[in-house]
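Enquirer: Before we start, here is the structure in question, set down as structure tokens.
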Amino acid sequence: MSIIATPTPGKLLLTPADHTLIMIDFQSQMSFATHSIDAVNLRNNAGLVAKAAASFKVPTILTTVAEKSFSGPMFSEVTEPFPGQALLDRTSMNTWEDAAVIARVNEIGKGRIVLAGLWTSVCIVGPALSALDQGFEVYVIADACGDVSAEAHDRAMDRMVQAGARPMTSLQYLLELQRDWARGETYESTTGIARSNGGAYGLGVTYAKTMFGAHEG
């Protein structure tokens, strides 16, 4: 029997309403020893993810570890898109073992969890494996995570993928939420985020709009 195609999105694609984003430990002390990605790209990618989530009104949890006593403040690129939102500070390395974070996860009530943060092998592996074990679908934004070495980051990503997590990138996250240029209510925001944080793609958008007045869709 032949398969009939339909113009509908696959169930594995993310939508703004079907997941909780958790951004973990984007803090000064954690970034000093991060070498799998340089600090400029890390901050840019984290900012892109935060802006995308805020633009699409994705329920987002911002969590730190020992903010006042050891690790320092969260990157402004992450906090500025969520003005006034409280940061959930922890003592546990594994975010999923913090009662306040889990209370917020349950309050939001989404079956999909998207993770980004520092370090991949500790602060991301912990909640990823824990959430998978409890039946959640888990996505990890690989280029908005970092670790003490490329080896540490890569092996952490391998471990999570082998357990069932789905890797993606920061720009992919933004464009997957938009997914159709005919969605006019988020068009300007999406292209604006791409222009400010989307690297060469953003430069291309700027060029096309400036030189030709181009408009997708």
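All residue names refer to the structure tokens as shown: chains lettered A, B, ... in order, residues numbered from 1 in each chain, ligands numbered from 1 in order.
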Pull the closest atom pair for each residue of stretch 41-64 of chain A that gets at most 8 Å from stretch 186-192 of chain A, along with the distance in Å to one decimal, counting only C-alpha atoms, ordering rows by chain and then ascending residue number, as a tab-separated table.
Expert:
```
residue	atom	partner	partner_atom	distance
A:Ala52	CA	A:Thr190	CA	7.3
A:Ser55	CA	A:Ser189	CA	6.7
A:Phe56	CA	A:Thr186	CA	7.5
```
Enquirer: How would the residues just picked look written out with all heavy atoms as a PDB file, in the first residue's frame?
Expert:
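What follows is the written file result_35.pdb:
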```pdb
ATOM      1  N   ALA A  52      14.674  33.957  21.196  1.00  0.00           N
ATOM      2  CA  ALA A  52      13.686  33.154  20.474  1.00  0.00           C
ATOM      3  C   ALA A  52      12.569  32.707  21.414  1.00  0.00           C
ATOM      4  O   ALA A  52      11.387  32.820  21.095  1.00  0.00           O
ATOM      5  CB  ALA A  52      14.358  31.939  19.835  1.00  0.00           C
ATOM      6  N   SER A  55      10.384  35.652  22.370  1.00  0.00           N
ATOM      7  CA  SER A  55       9.565  36.102  21.248  1.00  0.00           C
ATOM      8  C   SER A  55       8.361  35.204  21.030  1.00  0.00           C
ATOM      9  O   SER A  55       7.249  35.687  20.761  1.00  0.00           O
ATOM     10  CB  SER A  55      10.419  36.142  19.972  1.00  0.00           C
ATOM     11  OG  SER A  55       9.623  36.449  18.836  1.00  0.00           O
ATOM     12  N   PHE A  56       8.556  33.892  21.166  1.00  0.00           N
ATOM     13  CA  PHE A  56       7.482  32.936  20.928  1.00  0.00           C
ATOM     14  C   PHE A  56       6.735  32.553  22.208  1.00  0.00           C
ATOM     15  O   PHE A  56       5.908  31.655  22.195  1.00  0.00           O
ATOM     16  CB  PHE A  56       8.036  31.689  20.243  1.00  0.00           C
ATOM     17  CG  PHE A  56       8.345  31.896  18.785  1.00  0.00           C
ATOM     18  CD1 PHE A  56       9.601  32.308  18.372  1.00  0.00           C
ATOM     19  CD2 PHE A  56       7.362  31.702  17.827  1.00  0.00           C
ATOM     20  CE1 PHE A  56       9.879  32.517  17.028  1.00  0.00           C
ATOM     21  CE2 PHE A  56       7.629  31.893  16.475  1.00  0.00           C
ATOM     22  CZ  PHE A  56       8.895  32.308  16.072  1.00  0.00           C
TER      23      PHE A  56
END
```
Enquirer: Residues of stretch 116-202 of chain A in helix (DSSP H, G or I) according to DSSP, as a PyMOL selection string?
Expert: chain A and resi 120-133+150-163+170-178+184-197+199-202
Enquirer: Write out as a PDB file with N, CA and C atoms, in the first residue's frame each polymer residue whose atoms come within 9 Å of A:Ala100, counting only C-alpha atoms; drop sequence neighbours fewer than 2 positions from it.
Expert:
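Contents of out32.pdb, as written:
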```pdb
ATOM      1  N   LEU A  88      16.115  30.792  39.527  1.00  0.00           N
ATOM      2  CA  LEU A  88      16.038  29.745  40.541  1.00  0.00           C
ATOM      3  C   LEU A  88      17.457  29.279  40.864  1.00  0.00           C
ATOM      4  N   ASP A  89      17.937  29.654  42.035  1.00  0.00           N
ATOM      5  CA  ASP A  89      19.301  29.308  42.423  1.00  0.00           C
ATOM      6  C   ASP A  89      19.317  27.969  43.150  1.00  0.00           C
ATOM      7  N   ARG A  90      20.343  27.154  42.876  1.00  0.00           N
ATOM      8  CA  ARG A  90      20.402  25.796  43.392  1.00  0.00           C
ATOM      9  C   ARG A  90      21.709  25.556  44.136  1.00  0.00           C
ATOM     10  N   ASP A  98      16.555  19.577  42.023  1.00  0.00           N
ATOM     11  CA  ASP A  98      16.175  20.759  42.782  1.00  0.00           C
ATOM     12  C   ASP A  98      14.653  20.868  42.851  1.00  0.00           C
ATOM     13  N   ILE A 102      11.769  21.640  39.808  1.00  0.00           N
ATOM     14  CA  ILE A 102      10.793  20.618  39.435  1.00  0.00           C
ATOM     15  C   ILE A 102       9.369  21.093  39.699  1.00  0.00           C
ATOM     16  N   ALA A 103       9.169  21.863  40.745  1.00  0.00           N
ATOM     17  CA  ALA A 103       7.845  22.428  40.986  1.00  0.00           C
ATOM     18  C   ALA A 103       7.427  23.319  39.820  1.00  0.00           C
ATOM     19  N   ARG A 104       8.381  24.077  39.294  1.00  0.00           N
ATOM     20  CA  ARG A 104       8.084  24.949  38.151  1.00  0.00           C
ATOM     21  C   ARG A 104       7.844  24.123  36.887  1.00  0.00           C
ATOM     22  N   VAL A 105       8.621  23.073  36.682  1.00  0.00           N
ATOM     23  CA  VAL A 105       8.401  22.175  35.544  1.00  0.00           C
ATOM     24  C   VAL A 105       6.987  21.609  35.596  1.00  0.00           C
TER      25      VAL A 105
END
```
Enquirer: Rank A:Thr34, A:Thr8, A:Gln29, A:Asn94 by their smallest atom-to-atom distance to A:Lys68, using only C-alpha atoms, and report the top residue only.
Expert: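 Counting only C-alpha atoms, the residue closest to A:Lys68 is A:Gln29.
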Enquirer: As a PyMOL selection string, please: all residues of stretch 32-195 of chain A that backbone DSSP puts in strand (DSSP E).
Expert: chain A and resi 60-65+88-90+112-118+137-146+166-168
Enquirer: Determine the nearest neighbour of A:His35 from the options A:Lys110, A:His153, A:Lys51, A:Lys57, counting only C-alpha atoms.
Expert: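 Of A:Lys110, A:His153, A:Lys51, A:Lys57, the one nearest A:His35, counting only C-alpha atoms, is A:His153.
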Enquirer: Taking only C-alpha atoms into account, name the residue in A:Val49, A:Asp38, A:Phe26, A:Ser71 that is nearest to A:Glu176.
Expert: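 Once distances to A:Glu176 are computed over only C-alpha atoms, the minimum belongs to A:Val49.
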Enquirer: Give me, please, the distance in Å between atom CA of A:Leu177 and atom CA of A:Val205, quoted to one decimal.
Expert: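 Answer for the atom CA of A:Leu177 to atom CA of A:Val205 separation: 17.8 Å.
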Enquirer: I'd like the neighbourhood of A:Arg112 as a list of chain:residue names, where a residue qualifies if any of its atoms comes within 9 Å (using only C-alpha atoms), though same-chain residues fewer than 3 positions away should be ignored.
Expert: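 The residues that qualify are A:Leu14, A:Asp18, A:His19, A:Thr20, A:Leu21, A:Phe136, A:Glu137, A:Val138, A:Tyr139.
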Enquirer: Need the shell around stretch 95-97 of chain A: protein/DNA/RNA residues with any atom at most 9 Å away, counting only C-alpha atoms. Skip same-chain ones fewer than 3 positions apart. Format as a VMD selection string?
Expert: chain A and resid 24 63 to 65 90 to 92 101 to 102 123 to 124 126 to 128 130 to 131
Enquirer: Skipping near chain neighbours, those fewer than 3 positions away, what residues fall within 10 Å of stretch 154-161 of chain A using only C-alpha atoms, listed as number ranges by chain?
Expert: A: 36, 119-122, 124-126, 128-129, 132, 138-142, 145-147, 149-151, 164-167
Enquirer: I need the residue nearest A:Gln27 from this list: A:Glu67, A:Asp133, A:Glu107, A:Glu80. Use only C-alpha atoms for the distance.
Expert: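 Checking each candidate against A:Gln27, we get A:Glu67 as the closest.
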Enquirer: Could you please determine the separation between atom CA of A:Tyr173 and atom CA of A:Gly84 in Å, to one decimal place?
Expert: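 For atom CA of A:Tyr173 relative to atom CA of A:Gly84, the distance reads 23.8 Å.
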Enquirer: Neighbours of A:Thr60 within 9 Å (only C-alpha atoms; same-chain residues fewer than 6 positions away dropped), as a ChimeraX atom specification?
Expert: /A:20-23,50,53-54,82
Enquirer: With only C-alpha atoms as the atoms that count, which of A:Ala17, A:Leu171, A:Ala46, A:Ile4 lies nearest to A:Leu118?
Expert: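 Among the listed residues, the smallest separation from A:Leu118 belongs to A:Ala46.
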Enquirer: I'd like to know which of A:Leu87, A:Gln178, A:Leu12, A:Gln172 is closest to A:Ala144, using only C-alpha atoms.
Expert: A:Gln172
